[in-house]
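Trainee: Contents of input_2.pdb (PDB, C-alpha atoms) are below:
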ATOM      1  CA  MET A   1    -138.391 131.288 -17.157  1.00  0.00           C
ATOM      2  CA  VAL A   2    -140.271 129.983 -14.161  1.00  0.00           C
ATOM      3  CA  LYS A   3    -143.939 129.000 -14.127  1.00  0.00           C
ATOM      4  CA  ALA A   4    -145.108 132.356 -12.722  1.00  0.00           C
ATOM      5  CA  GLU A   5    -143.320 134.188 -15.539  1.00  0.00           C
ATOM      6  CA  LEU A   6    -144.906 131.864 -18.105  1.00  0.00           C
ATOM      7  CA  VAL A   7    -148.367 132.557 -16.670  1.00  0.00           C
ATOM      8  CA  ALA A   8    -147.738 136.318 -16.682  1.00  0.00           C
ATOM      9  CA  LYS A   9    -146.482 136.292 -20.264  1.00  0.00           C
ATOM     10  CA  VAL A  10    -149.421 134.230 -21.560  1.00  0.00           C
ATOM     11  CA  ALA A  11    -151.904 136.435 -19.678  1.00  0.00           C
ATOM     12  CA  GLN A  12    -150.320 139.579 -21.112  1.00  0.00           C
ATOM     13  CA  GLN A  13    -150.097 138.306 -24.691  1.00  0.00           C
ATOM     14  CA  ARG A  14    -153.675 136.996 -24.744  1.00  0.00           C
ATOM     15  CA  GLY A  15    -155.285 139.714 -22.627  1.00  0.00           C
ATOM     16  CA  LEU A  16    -156.492 137.241 -20.017  1.00  0.00           C
ATOM     17  CA  LYS A  17    -156.797 137.576 -16.262  1.00  0.00           C
ATOM     18  CA  MET A  18    -153.936 136.082 -14.276  1.00  0.00           C
ATOM     19  CA  THR A  19    -156.260 133.761 -12.322  1.00  0.00           C
ATOM     20  CA  VAL A  20    -157.780 132.318 -15.497  1.00  0.00           C
ATOM     21  CA  THR A  21    -154.374 131.875 -17.077  1.00  0.00           C
ATOM     22  CA  GLN A  22    -152.978 130.276 -13.910  1.00  0.00           C
ATOM     23  CA  ARG A  23    -155.817 127.710 -13.887  1.00  0.00           C
ATOM     24  CA  ALA A  24    -155.289 126.951 -17.586  1.00  0.00           C
ATOM     25  CA  VAL A  25    -151.537 126.423 -17.178  1.00  0.00           C
ATOM     26  CA  ASP A  26    -152.045 124.311 -14.029  1.00  0.00           C
ATOM     27  CA  THR A  27    -154.662 122.203 -15.836  1.00  0.00           C
ATOM     28  CA  MET A  28    -152.357 121.647 -18.810  1.00  0.00           C
ATOM     29  CA  PHE A  29    -149.424 120.586 -16.630  1.00  0.00           C
ATOM     30  CA  GLU A  30    -151.664 118.349 -14.522  1.00  0.00           C
ATOM     31  CA  ALA A  31    -153.014 116.619 -17.645  1.00  0.00           C
ATOM     32  CA  MET A  32    -149.478 116.095 -18.941  1.00  0.00           C
ATOM     33  CA  THR A  33    -148.317 114.737 -15.583  1.00  0.00           C
ATOM     34  CA  ARG A  34    -151.243 112.303 -15.361  1.00  0.00           C
ATOM     35  CA  ALA A  35    -150.663 111.056 -18.911  1.00  0.00           C
ATOM     36  CA  LEU A  36    -146.965 110.449 -18.272  1.00  0.00           C
ATOM     37  CA  ALA A  37    -147.650 108.833 -14.881  1.00  0.00           C
ATOM     38  CA  GLY A  38    -150.068 106.511 -16.695  1.00  0.00           C
ATOM     39  CA  GLY A  39    -147.348 105.496 -19.149  1.00  0.00           C
ATOM     40  CA  GLU A  40    -148.697 107.523 -22.079  1.00  0.00           C
ATOM     41  CA  GLY A  41    -146.539 109.627 -24.365  1.00  0.00           C
ATOM     42  CA  ILE A  42    -147.353 113.218 -25.263  1.00  0.00           C
ATOM     43  CA  GLU A  43    -146.763 114.816 -28.656  1.00  0.00           C
ATOM     44  CA  VAL A  44    -147.226 118.513 -29.330  1.00  0.00           C
ATOM     45  CA  ARG A  45    -146.537 118.865 -33.051  1.00  0.00           C
ATOM     46  CA  GLY A  46    -143.865 121.428 -33.843  1.00  0.00           C
ATOM     47  CA  PHE A  47    -142.926 121.772 -30.171  1.00  0.00           C
ATOM     48  CA  ALA A  48    -141.838 118.494 -28.595  1.00  0.00           C
ATOM     49  CA  SER A  49    -142.689 115.001 -27.502  1.00  0.00           C
ATOM     50  CA  PHE A  50    -142.437 113.465 -24.058  1.00  0.00           C
ATOM     51  CA  LYS A  51    -142.086 109.714 -23.607  1.00  0.00           C
ATOM     52  CA  VAL A  52    -141.880 107.449 -20.603  1.00  0.00           C
ATOM     53  CA  LYS A  53    -138.749 105.310 -20.616  1.00  0.00           C
ATOM     54  CA  ARG A  54    -138.232 102.351 -18.320  1.00  0.00           C
ATOM     55  CA  TYR A  55    -134.680 101.623 -17.190  1.00  0.00           C
ATOM     56  CA  LYS A  56    -133.570  98.193 -15.997  1.00  0.00           C
ATOM     57  CA  GLY A  57    -131.834  97.730 -12.693  1.00  0.00           C
ATOM     58  CA  TYR A  58    -128.070  97.276 -12.718  1.00  0.00           C
ATOM     59  CA  GLN A  59    -125.037  96.702 -10.538  1.00  0.00           C
ATOM     60  CA  GLY A  60    -123.351 100.016  -9.735  1.00  0.00           C
ATOM     61  CA  ARG A  61    -120.575 101.228  -7.473  1.00  0.00           C
ATOM     62  CA  ASN A  62    -120.517 103.672  -4.619  1.00  0.00           C
ATOM     63  CA  PRO A  63    -118.112 106.342  -5.943  1.00  0.00           C
ATOM     64  CA  ARG A  64    -116.835 107.135  -2.449  1.00  0.00           C
ATOM     65  CA  THR A  65    -116.061 103.599  -1.263  1.00  0.00           C
ATOM     66  CA  GLY A  66    -115.997 101.599  -4.495  1.00  0.00           C
ATOM     67  CA  GLU A  67    -118.425  99.143  -2.879  1.00  0.00           C
ATOM     68  CA  PRO A  68    -120.840  97.446  -5.307  1.00  0.00           C
ATOM     69  CA  ILE A  69    -124.467  98.490  -4.915  1.00  0.00           C
ATOM     70  CA  LYS A  70    -127.647  97.339  -6.569  1.00  0.00           C
ATOM     71  CA  VAL A  71    -129.515 100.074  -8.434  1.00  0.00           C
ATOM     72  CA  GLY A  72    -133.182  99.220  -8.910  1.00  0.00           C
ATOM     73  CA  PRO A  73    -135.229  99.710 -12.051  1.00  0.00           C
ATOM     74  CA  LYS A  74    -136.656 103.184 -12.578  1.00  0.00           C
ATOM     75  CA  VAL A  75    -138.828 105.196 -14.898  1.00  0.00           C
ATOM     76  CA  GLY A  76    -137.779 108.464 -16.523  1.00  0.00           C
ATOM     77  CA  VAL A  77    -139.270 110.985 -18.914  1.00  0.00           C
ATOM     78  CA  VAL A  78    -137.535 111.713 -22.215  1.00  0.00           C
ATOM     79  CA  PHE A  79    -138.007 115.118 -23.859  1.00  0.00           C
ATOM     80  CA  LYS A  80    -137.434 115.336 -27.611  1.00  0.00           C
ATOM     81  CA  PRO A  81    -137.765 118.758 -29.246  1.00  0.00           C
ATOM     82  CA  GLY A  82    -139.805 118.999 -32.419  1.00  0.00           C
ATOM     83  CA  ALA A  83    -138.494 120.286 -35.751  1.00  0.00           C
ATOM     84  CA  GLU A  84    -140.070 123.732 -35.374  1.00  0.00           C
ATOM     85  CA  LEU A  85    -138.610 124.233 -31.887  1.00  0.00           C
ATOM     86  CA  ARG A  86    -135.155 123.100 -33.052  1.00  0.00           C
ATOM     87  CA  ARG A  87    -135.370 125.487 -36.007  1.00  0.00           C
ATOM     88  CA  ARG A  88    -136.295 128.442 -33.792  1.00  0.00           C
ATOM     89  CA  VAL A  89    -133.690 127.731 -31.134  1.00  0.00           C
ATOM     90  CA  ASN A  90    -130.903 126.957 -33.584  1.00  0.00           C
ATOM     91  CA  PRO A  91    -131.536 129.044 -36.733  1.00  0.00           C
TER      92      PRO A  91
END
Write the structure described by the file as structure tokens, please.
Mentor:
Amino acid sequence: MVKAELVAKVAQQRGLKMTVTQRAVDTMFEAMTRALAGGEGIEVRGFASFKVKRYKGYQGRNPRTGEPIKVGPKVGVVFKPGAELRRRVNP
């Protein structure tokens, strides 16, 4: 499901206009993005949690040449499904 399909489904199920639903979904994703960019975690009980994880730099290898390369530190987002979501997906 892509974002447009999500918006359409929410609008249909709740009887809302597409423009209102689009703004609500955009606002929710923007708030989540800002929280994660600020280093905050997000927890939606029953659905999932999102956490920011910092990875240290390390010495890697170029797979084509075998030459050592330095990989810098980076930040990633970890998604962990909640119990209710796991139960629904894997009954």
Trainee: Applying 9 Å and only C-alpha atoms, which residues near Phe47 in chain A remain after dropping the ones on its own chain fewer than 6 positions away? List them as a ChimeraX atom specification.
Mentor: /A:80-86
Trainee: Report the distance between CA of Gln22 in chain A and CA of Val7 in chain A in Å, rounded to one decimal place.
Mentor: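 CA of Val7 in chain A lies at a distance of 5.8 Å from CA of Gln22 in chain A.
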Trainee: I want to know what sits within 9 Å of range 33-38 of chain A, based on all atoms listed in the file, with residues of the same chain fewer than 2 positions away left out; could you give that as a ChimeraX atom specification?
Mentor: /A:28-31,40-42,50-52,77
Trainee: Can you list what the PyMOL selection byres ((chain A and resi 4) around 12) grabs from this structure, as a VMD selection string?
Mentor: chain A and resid 1 to 3 5 to 11 18 to 19 21 to 23 25 to 26
Trainee: So how far away is CA of Lys17 in chain A from CA of Arg45 in chain A, in Å?
Mentor: 27.2 Å
Trainee: What's the 8 Å shell around Tyr58 in chain A, counting all atoms listed in the file, without same-chain residues fewer than 2 positions away, as a list of chain:residue names?
Mentor: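 Counting all atoms listed in the file, the residues come to A:Lys56, A:Gly60, A:Lys70, A:Val71, A:Gly72, A:Pro73.
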Trainee: One number please: CA of Lys53 in chain A to CA of Gly76 in chain A, in Å, one decimal.
Mentor: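 About the pair CA of Lys53 in chain A and CA of Gly76 in chain A: they are 5.3 Å apart.
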